[in-house]
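This is start_4.cif (mmCIF, C-alpha atoms and all ligand atoms).
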data_my_file
loop_
_atom_site.label_atom_id
_atom_site.label_comp_id
_atom_site.auth_asym_id
_atom_site.auth_seq_id
_atom_site.Cartn_x
_atom_site.Cartn_y
_atom_site.Cartn_z
CA MET A 1 116.45 97.13 44.34
CA LEU A 2 115.57 97.49 40.67
CA ARG A 3 118.32 99.81 39.41
CA ASP A 4 121.12 97.66 37.92
CA SER A 5 119.19 94.46 38.68
CA VAL A 6 119.55 91.89 35.93
CA ALA A 7 116.23 90.89 34.36
CA VAL A 8 115.91 87.93 31.99
CA ILE A 9 112.65 88.15 30.05
CA THR A 10 111.78 85.25 27.79
CA GLY A 11 109.87 85.93 24.58
CA SER A 12 110.73 89.61 24.72
CA THR A 13 111.08 90.38 21.01
CA SER A 14 107.41 91.35 20.73
CA GLY A 15 104.12 91.89 22.57
CA ILE A 16 103.91 91.63 26.36
CA GLY A 17 107.53 90.49 26.80
CA LEU A 18 108.89 93.47 24.86
CA GLY A 19 106.65 95.78 26.90
CA ILE A 20 108.03 94.29 30.13
CA ALA A 21 111.61 94.62 28.84
CA GLU A 22 111.06 98.30 28.00
CA THR A 23 109.43 99.05 31.37
CA PHE A 24 112.25 97.32 33.27
CA ALA A 25 114.89 99.05 31.12
CA ALA A 26 113.23 102.40 31.89
CA ALA A 27 113.55 101.51 35.61
CA GLY A 28 117.32 101.02 35.14
CA CYS A 29 117.52 97.23 34.97
CA ARG A 30 120.07 95.45 32.85
CA ILE A 31 118.15 93.31 30.39
CA VAL A 32 118.53 89.95 28.68
CA LEU A 33 116.17 89.81 25.71
CA ASN A 34 115.12 86.49 24.19
CA GLY A 35 112.82 85.33 21.44
CA ILE A 36 112.52 84.22 17.87
CA ALA A 37 114.28 86.82 15.73
CA THR A 38 116.77 86.97 12.86
CA PRO A 39 120.20 88.41 13.78
CA ALA A 40 119.26 91.60 11.89
CA GLU A 41 115.96 91.97 13.78
CA ALA A 42 117.69 91.33 17.11
CA ASP A 43 120.42 93.90 16.32
CA ALA A 44 117.86 96.55 15.33
CA LEU A 45 115.90 95.98 18.54
CA LEU A 46 119.05 96.09 20.70
CA GLN A 47 120.18 99.30 19.07
CA ARG A 48 116.80 100.99 19.62
CA LEU A 49 116.48 99.91 23.25
CA ARG A 50 120.08 100.78 24.19
CA GLN A 51 119.67 104.21 22.66
CA GLN A 52 116.27 104.81 24.24
CA TYR A 53 117.03 103.59 27.78
CA GLY A 54 120.83 103.81 28.12
CA VAL A 55 121.08 100.48 29.94
CA GLN A 56 123.07 97.34 29.18
CA ILE A 57 121.05 94.88 27.11
CA PHE A 58 121.97 91.69 25.34
CA PHE A 59 120.01 89.27 23.22
CA HIS A 60 120.02 85.50 23.73
CA PRO A 61 118.54 83.40 20.90
CA ALA A 62 117.59 80.36 23.05
CA ASP A 63 114.78 78.30 21.54
CA LEU A 64 112.76 77.55 24.66
CA ALA A 65 111.30 74.37 23.20
CA ASP A 66 114.73 72.87 24.04
CA PRO A 67 115.46 72.29 27.78
CA ASN A 68 119.23 72.67 27.25
CA GLN A 69 118.75 76.07 25.62
CA CYS A 70 116.52 77.19 28.52
CA ALA A 71 119.33 76.38 30.95
CA ALA A 72 121.92 78.01 28.65
CA LEU A 73 119.87 81.24 28.65
CA ILE A 74 120.25 81.50 32.43
CA VAL A 75 123.89 80.36 32.59
CA ASP A 76 124.90 82.79 29.81
CA ALA A 77 123.01 85.66 31.48
CA GLU A 78 124.81 84.96 34.77
CA THR A 79 128.16 84.78 33.00
CA HIS A 80 127.52 88.01 31.11
CA PHE A 81 126.08 90.11 33.96
CA GLY A 82 127.16 88.24 37.12
CA SER A 83 123.65 87.33 38.31
CA VAL A 84 120.02 86.87 37.38
CA ASP A 85 117.93 88.88 39.86
CA ILE A 86 114.61 88.85 38.01
CA LEU A 87 113.29 86.08 35.77
CA VAL A 88 110.15 86.69 33.73
CA ASN A 89 108.84 83.59 31.99
CA ASN A 90 106.75 85.12 29.24
CA ALA A 91 107.37 83.23 25.96
CA GLY A 92 104.24 81.54 24.73
CA ILE A 93 102.43 80.27 21.67
CA GLN A 94 98.81 79.40 20.93
CA TYR A 95 96.93 76.92 18.75
CA VAL A 96 93.17 76.59 18.59
CA ALA A 97 91.33 73.35 17.69
CA PRO A 98 88.83 70.90 19.20
CA THR A 99 90.53 68.36 21.49
CA GLU A 100 89.74 65.34 19.31
CA SER A 101 91.51 66.91 16.33
CA PHE A 102 94.18 68.87 18.23
CA PRO A 103 97.48 68.20 16.41
CA VAL A 104 99.84 66.23 18.64
CA ASP A 105 102.85 68.29 17.53
CA GLN A 106 101.03 71.49 18.58
CA TRP A 107 100.19 69.98 21.98
CA ASP A 108 103.87 69.06 22.48
CA ALA A 109 105.12 72.49 21.36
CA ILE A 110 102.67 74.42 23.59
CA LEU A 111 103.47 72.28 26.65
CA ALA A 112 107.21 72.67 25.98
CA ILE A 113 107.25 76.46 25.43
CA ASN A 114 104.37 77.61 27.67
CA LEU A 115 105.03 75.29 30.64
CA SER A 116 108.21 73.19 30.61
CA ALA A 117 110.42 76.15 29.61
CA ALA A 118 109.38 77.96 32.81
CA PHE A 119 110.41 74.92 34.86
CA HIS A 120 113.79 74.70 33.09
CA THR A 121 114.65 78.40 33.47
CA ILE A 122 113.49 78.51 37.11
CA ARG A 123 115.47 75.34 37.86
CA ALA A 124 118.59 76.97 36.44
CA ALA A 125 118.03 80.39 38.08
CA LEU A 126 117.16 79.28 41.62
CA PRO A 127 120.63 78.24 42.88
CA GLY A 128 122.07 81.73 42.18
CA MET A 129 119.03 83.47 43.70
CA GLN A 130 119.21 81.19 46.77
CA ARG A 131 122.93 81.96 47.23
CA ARG A 132 122.25 85.71 47.08
CA LYS A 133 119.05 85.33 49.14
CA GLN A 134 117.11 87.48 46.73
CA GLY A 135 115.16 87.04 43.55
CA ARG A 136 111.93 87.74 41.75
CA ILE A 137 110.29 85.19 39.47
CA LEU A 138 107.25 86.15 37.45
CA ASN A 139 105.36 83.75 35.24
CA ILE A 140 103.12 85.28 32.61
CA ALA A 141 100.27 82.79 32.79
CA SER A 142 96.82 83.85 31.56
CA VAL A 143 93.17 83.92 32.54
CA HIS A 144 93.41 80.48 30.97
CA GLY A 145 95.46 79.44 33.99
CA LEU A 146 92.32 80.08 36.07
CA VAL A 147 89.41 79.23 33.78
CA ALA A 148 88.97 77.39 30.49
CA SER A 149 87.76 78.16 26.98
CA ILE A 150 86.88 75.67 24.28
CA HIS A 151 89.42 74.63 21.65
CA LYS A 152 92.43 75.55 23.79
CA ALA A 153 93.25 72.21 25.45
CA ALA A 154 97.02 72.58 25.33
CA TYR A 155 97.11 76.27 26.22
CA VAL A 156 94.69 75.90 29.16
CA ALA A 157 96.53 72.81 30.44
CA ALA A 158 99.90 74.57 30.18
CA LYS A 159 98.71 77.77 31.85
CA HIS A 160 97.00 75.89 34.72
CA GLY A 161 100.33 74.06 35.08
CA VAL A 162 102.25 77.34 35.23
CA ILE A 163 100.08 78.48 38.14
CA GLY A 164 100.76 75.21 39.98
CA LEU A 165 104.50 75.59 39.33
CA THR A 166 104.34 79.18 40.61
CA LYS A 167 102.86 78.02 43.93
CA VAL A 168 105.40 75.23 44.46
CA VAL A 169 108.40 77.48 43.72
CA ALA A 170 106.92 80.15 46.01
CA LEU A 171 106.49 77.69 48.90
CA GLU A 172 109.93 76.14 48.50
CA ASN A 173 111.55 79.59 48.58
CA ALA A 174 109.25 81.48 50.94
CA SER A 175 112.05 82.12 53.46
CA ASN A 176 114.82 82.56 50.88
CA GLY A 177 114.14 86.18 49.88
CA ILE A 178 112.73 84.92 46.58
CA THR A 179 109.15 85.51 45.43
CA CYS A 180 107.37 83.71 42.61
CA ASN A 181 104.08 85.03 41.27
CA ALA A 182 101.91 84.71 38.17
CA ILE A 183 100.23 87.40 36.10
CA CYS A 184 97.05 86.35 34.33
CA PRO A 185 96.15 88.69 31.47
CA GLY A 186 92.85 88.53 29.63
CA TRP A 187 92.79 89.75 26.02
CA VAL A 188 95.85 91.88 25.17
CA LEU A 189 96.14 92.98 21.55
CA THR A 190 99.40 91.34 20.43
CA ALA A 191 100.45 89.13 17.49
CA LEU A 192 99.23 86.07 19.42
CA VAL A 193 95.70 87.50 19.69
CA GLN A 194 95.66 89.21 16.27
CA LYS A 195 95.95 85.73 14.70
CA GLN A 196 92.81 84.62 16.57
CA ILE A 197 90.96 87.79 15.53
CA ASP A 198 91.94 87.28 11.88
CA ALA A 199 90.87 83.62 11.98
CA ARG A 200 87.46 84.57 13.39
CA ALA A 201 87.04 87.36 10.83
CA THR A 202 87.73 84.90 8.00
CA GLN A 203 85.53 82.18 9.46
CA ASN A 204 82.53 84.47 10.14
CA GLN A 205 83.13 86.68 7.06
CA ILE A 206 83.28 89.85 9.16
CA SER A 207 85.86 92.62 9.50
CA ALA A 208 88.79 92.34 11.94
CA GLU A 209 87.24 95.19 13.92
CA GLU A 210 83.94 93.31 14.26
CA ALA A 211 85.82 90.15 15.25
CA SER A 212 87.66 92.14 17.97
CA HIS A 213 84.36 93.40 19.35
CA GLU A 214 82.98 89.87 19.35
CA ILE A 215 85.86 88.31 21.29
CA LEU A 216 85.78 91.12 23.87
CA ALA A 217 82.00 90.94 24.26
CA GLU A 218 82.20 87.17 24.79
CA LYS A 219 84.75 87.17 27.63
CA GLN A 220 86.04 90.54 28.81
CA PRO A 221 83.34 92.65 30.54
CA SER A 222 85.32 95.92 30.29
CA GLY A 223 84.88 95.64 26.52
CA ARG A 224 88.46 96.70 25.85
CA PHE A 225 91.86 95.12 25.54
CA THR A 226 94.32 95.22 28.45
CA SER A 227 97.39 97.15 27.30
CA VAL A 228 100.90 95.73 27.23
CA GLU A 229 101.94 98.71 29.38
CA ASP A 230 99.40 97.82 32.09
CA VAL A 231 100.71 94.25 32.31
CA ALA A 232 104.30 95.56 32.41
CA ALA A 233 103.46 98.05 35.18
CA LEU A 234 102.14 95.22 37.36
CA ALA A 235 105.24 93.14 36.60
CA LEU A 236 107.47 96.01 37.71
CA PHE A 237 105.44 96.55 40.89
CA LEU A 238 105.70 92.85 41.81
CA CYS A 239 109.49 93.14 41.55
CA SER A 240 109.63 96.11 43.94
CA GLU A 241 110.76 95.91 47.56
CA SER A 242 107.22 96.53 48.83
CA CYS A 243 106.14 93.21 47.28
CA SER A 244 108.71 91.13 49.19
CA ASN A 245 105.95 89.32 51.09
CA ILE A 246 103.69 88.65 48.10
CA THR A 247 104.43 85.16 46.81
CA GLY A 248 102.59 82.24 45.25
CA ALA A 249 99.83 84.56 44.04
CA SER A 250 98.12 84.92 40.66
CA PHE A 251 96.98 88.33 39.49
CA PRO A 252 94.26 88.63 36.83
CA VAL A 253 94.53 91.69 34.57
CA ASP A 254 91.44 90.85 32.62
CA GLY A 255 88.74 93.54 32.66
CA GLY A 256 86.56 91.31 34.87
CA TRP A 257 86.83 88.10 32.78
CA THR A 258 87.45 85.78 35.75
CA ALA A 259 85.01 87.58 38.07
CA GLN A 260 82.07 86.11 36.11
P1 LIG B 1 103.65 87.41 21.10
O1 LIG B 1 103.39 86.40 20.02
O2 LIG B 1 103.62 88.86 20.75
O3 LIG B 1 105.02 87.12 21.83
C1 LIG B 1 105.49 85.83 22.08
C2 LIG B 1 106.99 85.89 22.32
O4 LIG B 1 107.43 84.54 22.58
C3 LIG B 1 107.77 86.39 21.10
O5 LIG B 1 108.87 87.18 21.54
C4 LIG B 1 108.29 85.09 20.48
O6 LIG B 1 109.49 85.27 19.73
C5 LIG B 1 108.55 84.28 21.74
N1 LIG B 1 108.64 82.84 21.46
C6 LIG B 1 107.74 82.03 20.85
N2 LIG B 1 108.25 80.78 20.75
C7 LIG B 1 109.48 80.81 21.30
C8 LIG B 1 110.50 79.83 21.49
N3 LIG B 1 110.38 78.57 21.07
N4 LIG B 1 111.65 80.22 22.09
C9 LIG B 1 111.82 81.51 22.51
N5 LIG B 1 110.89 82.46 22.36
C10 LIG B 1 109.73 82.12 21.77
O7 LIG B 1 102.55 87.07 22.22
P2 LIG B 1 102.09 87.80 23.55
O8 LIG B 1 100.61 87.97 23.45
O9 LIG B 1 102.94 88.95 23.87
O10 LIG B 1 102.32 86.61 24.60
C11 LIG B 1 103.27 86.67 25.65
C12 LIG B 1 102.80 85.80 26.80
O11 LIG B 1 101.59 86.33 27.33
C13 LIG B 1 102.48 84.35 26.40
O12 LIG B 1 102.92 83.46 27.39
C14 LIG B 1 100.97 84.34 26.30
O13 LIG B 1 100.45 83.07 26.52
C15 LIG B 1 100.64 85.30 27.43
N6 LIG B 1 99.29 85.87 27.33
C16 LIG B 1 98.92 86.65 26.29
C17 LIG B 1 97.63 87.16 26.24
C18 LIG B 1 97.15 88.05 25.13
O14 LIG B 1 95.94 88.35 25.09
N7 LIG B 1 98.00 88.50 24.23
C19 LIG B 1 96.73 86.87 27.27
C20 LIG B 1 97.14 86.06 28.31
C21 LIG B 1 98.43 85.57 28.34
#
Using structure tokens, write down the structure from this file.
Amino acid sequence: MLRDSVAVITGSTSGIGLGIAETFAAAGCRIVLNGIATPAEADALLQRLRQQYGVQIFFHPADLADPNQCAALIVDAETHFGSVDILVNNAGIQYVAPTESFPVDQWDAILAINLSAAFHTIRAALPGMQRRKQGRILNIASVHGLVASIHKAAYVAAKHGVIGLTKVVALENASNGITCNAICPGWVLTALVQKQIDARATQNQISAEEASHEILAEKQPSGRFTSVEDVAALALFLCSESCSNITGASFPVDGGWTAQ
């Protein structure tokens, strides 16, 4: 099923999304990359991936804070490749502050990019998947879709929302050949997490390495980061034929975080 399938992966210019794009490209999928990148950065990435994996890849610059651009991402992918078989909603941002002083513009941006964008892309992708009676939708939620941490009101609200959305889409399409699942990573060392490590190092006047140990010790019992490759491997597995009856589920990849 995967070879030549068309996979749209939002927020795939770095971190987990890029890892998923590379894993799917290695499996022979045609890829639509998306994210915040200059034309030069996007070109360099396209050139590297095309050379490395020998599959068709194009970049779409949709800003997912804008509902119209979310829909355009799907429509343009369908026009370019003929279908969208796999949709991975991965783009996300973070902001950390106590609720009473949480900036309203950050709340709005996190809800728009981390939650509403997934609704808009799914809404646009479903009619084509329903016509073809096949599709895989994966939402990269977070452990914060299952449990909370302080100072992350918008992120936790958005990620809990993504898990609710995942269940509704799964139920509505349970007999349509379409699955919709969520992956819930714990700490993965990407730009999004590096910022939080650096902020803690500055605040507590410790090294970045010490700050990394602290955040892992606090939440992730394995004491190590989940790798981008491990998250991507699960994403690929959930898109395989043997997962056709797994839908509406959320999969922690969190070194035991949510088992506590
Ligand atoms: P990252 O910062 O490396 O990647 C985020 C991606 O989203 C980038 O490609 C960026 O360009 C894109 N993006 C941001 N705003 C966008 C917008 N308005 N329009 C289009 N693209 C946009 O972060 P990451 O850690 O790889 O995060 C990817 C996903 O994984 C996020 O949804 C995040 O919440 C989730 N996640 C990450 C971790 C972790 O520990 N890193 C843990 C749990 C969940």
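CA of Ala25 in chain A is positioned 21.9 Å from CA of Ala118 in chain A.
Remark: residues at most 8 Å from position (112.5, 74.6, 28.1) in file coordinates are Asp63, Leu64, Ala65, Asp66, Pro67, Asn68, Gln69, Cys70, Ala71, Ala112, Ile113, Leu115, Ser116, Ala117, Ala118, Phe119, His120 and Thr121 of chain A, using all atoms listed in the file.
Here the question is which of A:Leu87, A:Leu45, A:Ala201, A:Ala77 gets nearest to His60 in chain A using all atoms listed in the file, and that residue is A:Ala77.
Reported to one decimal place, the separation of CA of Asn89 in chain A from CA of Gln196 in chain A is 22.3 Å.
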Surrounding residues as a PyMOL selection string, ligand LIG 1 (chain B), max 6 Å, only C-alpha atoms and all ligand atoms:
chain A and resi 11-17+35-36+62-65+90-93+113+140-142+185-193
How would the residues just chosen look if you wrote them out with C-alpha atoms as a PDB file, in the frame of the given file?
ATOM      1  CA  GLY A  11     109.870  85.930  24.580  1.00  0.00           C
ATOM      2  CA  SER A  12     110.730  89.610  24.720  1.00  0.00           C
ATOM      3  CA  THR A  13     111.080  90.380  21.010  1.00  0.00           C
ATOM      4  CA  SER A  14     107.410  91.350  20.730  1.00  0.00           C
ATOM      5  CA  GLY A  15     104.120  91.890  22.570  1.00  0.00           C
ATOM      6  CA  ILE A  16     103.910  91.630  26.360  1.00  0.00           C
ATOM      7  CA  GLY A  17     107.530  90.490  26.800  1.00  0.00           C
ATOM      8  CA  GLY A  35     112.820  85.330  21.440  1.00  0.00           C
ATOM      9  CA  ILE A  36     112.520  84.220  17.870  1.00  0.00           C
ATOM     10  CA  ALA A  62     117.590  80.360  23.050  1.00  0.00           C
ATOM     11  CA  ASP A  63     114.780  78.300  21.540  1.00  0.00           C
ATOM     12  CA  LEU A  64     112.760  77.550  24.660  1.00  0.00           C
ATOM     13  CA  ALA A  65     111.300  74.370  23.200  1.00  0.00           C
ATOM     14  CA  ASN A  90     106.750  85.120  29.240  1.00  0.00           C
ATOM     15  CA  ALA A  91     107.370  83.230  25.960  1.00  0.00           C
ATOM     16  CA  GLY A  92     104.240  81.540  24.730  1.00  0.00           C
ATOM     17  CA  ILE A  93     102.430  80.270  21.670  1.00  0.00           C
ATOM     18  CA  ILE A 113     107.250  76.460  25.430  1.00  0.00           C
ATOM     19  CA  ILE A 140     103.120  85.280  32.610  1.00  0.00           C
ATOM     20  CA  ALA A 141     100.270  82.790  32.790  1.00  0.00           C
ATOM     21  CA  SER A 142      96.820  83.850  31.560  1.00  0.00           C
ATOM     22  CA  PRO A 185      96.150  88.690  31.470  1.00  0.00           C
ATOM     23  CA  GLY A 186      92.850  88.530  29.630  1.00  0.00           C
ATOM     24  CA  TRP A 187      92.790  89.750  26.020  1.00  0.00           C
ATOM     25  CA  VAL A 188      95.850  91.880  25.170  1.00  0.00           C
ATOM     26  CA  LEU A 189      96.140  92.980  21.550  1.00  0.00           C
ATOM     27  CA  THR A 190      99.400  91.340  20.430  1.00  0.00           C
ATOM     28  CA  ALA A 191     100.450  89.130  17.490  1.00  0.00           C
ATOM     29  CA  LEU A 192      99.230  86.070  19.420  1.00  0.00           C
ATOM     30  CA  VAL A 193      95.700  87.500  19.690  1.00  0.00           C
TER      31      VAL A 193
END
Tell me which protein, DNA and RNA residues are within 9 Å of Val55 in chain A, counting only C-alpha atoms, leaving out same-chain ones fewer than 2 positions away, and put them as a ChimeraX atom specification.
/A:4,25-26,28-31,49-53,57
Would you mind telling me which residue in A:Ala27, A:Ala7, A:Val162, A:Ile246 lies nearest to Ser175 in chain A when using only C-alpha atoms?
A:Ile246
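CA of Gly248 in chain A to CA of Leu216 in chain A spans 28.6 Å [interatomic distance, one decimal].
Using all atoms listed in the file, the nearest neighbour of Val169 in chain A within the list A:Asn139, A:Thr99, A:Gln56, A:Gln194 is A:Asn139.
Comparing A:Val75, A:Ala170, A:Ala154, A:Val253 by their smallest distance to Gly128 in chain A, the closest is A:Val75 (using all atoms listed in the file).
Among the candidates A:Ala153, A:Ala148, A:Leu73, A:Ala124, the one nearest to Val104 in chain A when counting all atoms listed in the file is A:Ala153.
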Once 8 Å is added on each side, what centre and edge lengths in Å to one decimal does the axis-aligned box around all listed atoms of range 118-128 of chain A have, as JSON?
{"center_x": 115.7, "center_y": 78.2, "center_z": 37.8, "size_x": 28.7, "size_y": 23.0, "size_z": 26.1}
Which residue of A:Ile183, A:Ala199, A:Ala217, A:Ala174 approaches Val143 in chain A most closely, using only C-alpha atoms:
A:Ile183
Near Ser222 in chain A, counting all atoms listed in the file, which residues have an atom at most 12 Å away, once you skip same-chain residues fewer than 3 positions from it, shown as a VMD selection string?
chain A and resid 186 to 187 213 215 to 219 225 to 226 253 to 260
Can you list, as a PyMOL selection string, every protein, DNA or RNA residue that comes within 10 Å of Asp76 in chain A when you count only C-alpha atoms, leaving out same-chain residues fewer than 6 positions away?
chain A and resi 32+60+82-84
Starting from the incomplete input, reconstruct N, CA, C and O atoms of range 159-174 of chain A and report them as a PDB file, in the frame of the given file.
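selection.pdb, written as the output of this step:
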ATOM      1  N   LYS A 159      98.822  76.592  30.974  1.00  0.00           N
ATOM      2  CA  LYS A 159      98.710  77.770  31.850  1.00  0.00           C
ATOM      3  C   LYS A 159      98.247  77.386  33.258  1.00  0.00           C
ATOM      4  O   LYS A 159      98.701  77.982  34.236  1.00  0.00           O
ATOM      5  N   HIS A 160      97.340  76.388  33.382  1.00  0.00           N
ATOM      6  CA  HIS A 160      97.000  75.890  34.720  1.00  0.00           C
ATOM      7  C   HIS A 160      98.271  75.304  35.363  1.00  0.00           C
ATOM      8  O   HIS A 160      98.502  75.479  36.565  1.00  0.00           O
ATOM      9  N   GLY A 161      99.075  74.626  34.571  1.00  0.00           N
ATOM     10  CA  GLY A 161     100.330  74.060  35.080  1.00  0.00           C
ATOM     11  C   GLY A 161     101.275  75.134  35.562  1.00  0.00           C
ATOM     12  O   GLY A 161     101.934  74.986  36.607  1.00  0.00           O
ATOM     13  N   VAL A 162     101.352  76.237  34.847  1.00  0.00           N
ATOM     14  CA  VAL A 162     102.250  77.340  35.230  1.00  0.00           C
ATOM     15  C   VAL A 162     101.835  77.895  36.600  1.00  0.00           C
ATOM     16  O   VAL A 162     102.689  78.228  37.426  1.00  0.00           O
ATOM     17  N   ILE A 163     100.532  77.965  36.835  1.00  0.00           N
ATOM     18  CA  ILE A 163     100.080  78.480  38.140  1.00  0.00           C
ATOM     19  C   ILE A 163     100.436  77.496  39.253  1.00  0.00           C
ATOM     20  O   ILE A 163     100.885  77.900  40.333  1.00  0.00           O
ATOM     21  N   GLY A 164     100.329  76.213  38.998  1.00  0.00           N
ATOM     22  CA  GLY A 164     100.760  75.210  39.980  1.00  0.00           C
ATOM     23  C   GLY A 164     102.251  75.317  40.246  1.00  0.00           C
ATOM     24  O   GLY A 164     102.697  75.316  41.415  1.00  0.00           O
ATOM     25  N   LEU A 165     103.028  75.444  39.192  1.00  0.00           N
ATOM     26  CA  LEU A 165     104.500  75.590  39.330  1.00  0.00           C
ATOM     27  C   LEU A 165     104.840  76.827  40.150  1.00  0.00           C
ATOM     28  O   LEU A 165     105.711  76.802  41.028  1.00  0.00           O
ATOM     29  N   THR A 166     104.124  77.911  39.884  1.00  0.00           N
ATOM     30  CA  THR A 166     104.340  79.180  40.610  1.00  0.00           C
ATOM     31  C   THR A 166     104.184  78.967  42.112  1.00  0.00           C
ATOM     32  O   THR A 166     105.000  79.439  42.912  1.00  0.00           O
ATOM     33  N   LYS A 167     103.130  78.228  42.496  1.00  0.00           N
ATOM     34  CA  LYS A 167     102.860  78.020  43.930  1.00  0.00           C
ATOM     35  C   LYS A 167     103.948  77.164  44.575  1.00  0.00           C
ATOM     36  O   LYS A 167     104.396  77.450  45.688  1.00  0.00           O
ATOM     37  N   VAL A 168     104.377  76.113  43.882  1.00  0.00           N
ATOM     38  CA  VAL A 168     105.400  75.230  44.460  1.00  0.00           C
ATOM     39  C   VAL A 168     106.715  75.988  44.649  1.00  0.00           C
ATOM     40  O   VAL A 168     107.343  75.918  45.722  1.00  0.00           O
ATOM     41  N   VAL A 169     107.127  76.732  43.629  1.00  0.00           N
ATOM     42  CA  VAL A 169     108.400  77.480  43.720  1.00  0.00           C
ATOM     43  C   VAL A 169     108.293  78.530  44.829  1.00  0.00           C
ATOM     44  O   VAL A 169     109.239  78.749  45.589  1.00  0.00           O
ATOM     45  N   ALA A 170     107.118  79.156  44.948  1.00  0.00           N
ATOM     46  CA  ALA A 170     106.920  80.150  46.010  1.00  0.00           C
ATOM     47  C   ALA A 170     107.071  79.511  47.383  1.00  0.00           C
ATOM     48  O   ALA A 170     107.775  80.036  48.251  1.00  0.00           O
ATOM     49  N   LEU A 171     106.432  78.360  47.582  1.00  0.00           N
ATOM     50  CA  LEU A 171     106.490  77.690  48.900  1.00  0.00           C
ATOM     51  C   LEU A 171     107.907  77.252  49.226  1.00  0.00           C
ATOM     52  O   LEU A 171     108.386  77.432  50.353  1.00  0.00           O
ATOM     53  N   GLU A 172     108.582  76.658  48.234  1.00  0.00           N
ATOM     54  CA  GLU A 172     109.930  76.140  48.500  1.00  0.00           C
ATOM     55  C   GLU A 172     110.920  77.252  48.830  1.00  0.00           C
ATOM     56  O   GLU A 172     111.959  76.999  49.434  1.00  0.00           O
ATOM     57  N   ASN A 173     110.595  78.486  48.407  1.00  0.00           N
ATOM     58  CA  ASN A 173     111.550  79.590  48.580  1.00  0.00           C
ATOM     59  C   ASN A 173     111.005  80.724  49.434  1.00  0.00           C
ATOM     60  O   ASN A 173     111.535  81.840  49.414  1.00  0.00           O
ATOM     61  N   ALA A 174     109.953  80.422  50.196  1.00  0.00           N
ATOM     62  CA  ALA A 174     109.250  81.480  50.940  1.00  0.00           C
ATOM     63  C   ALA A 174     110.161  82.183  51.954  1.00  0.00           C
ATOM     64  O   ALA A 174     109.967  83.360  52.243  1.00  0.00           O
TER      65      ALA A 174
END
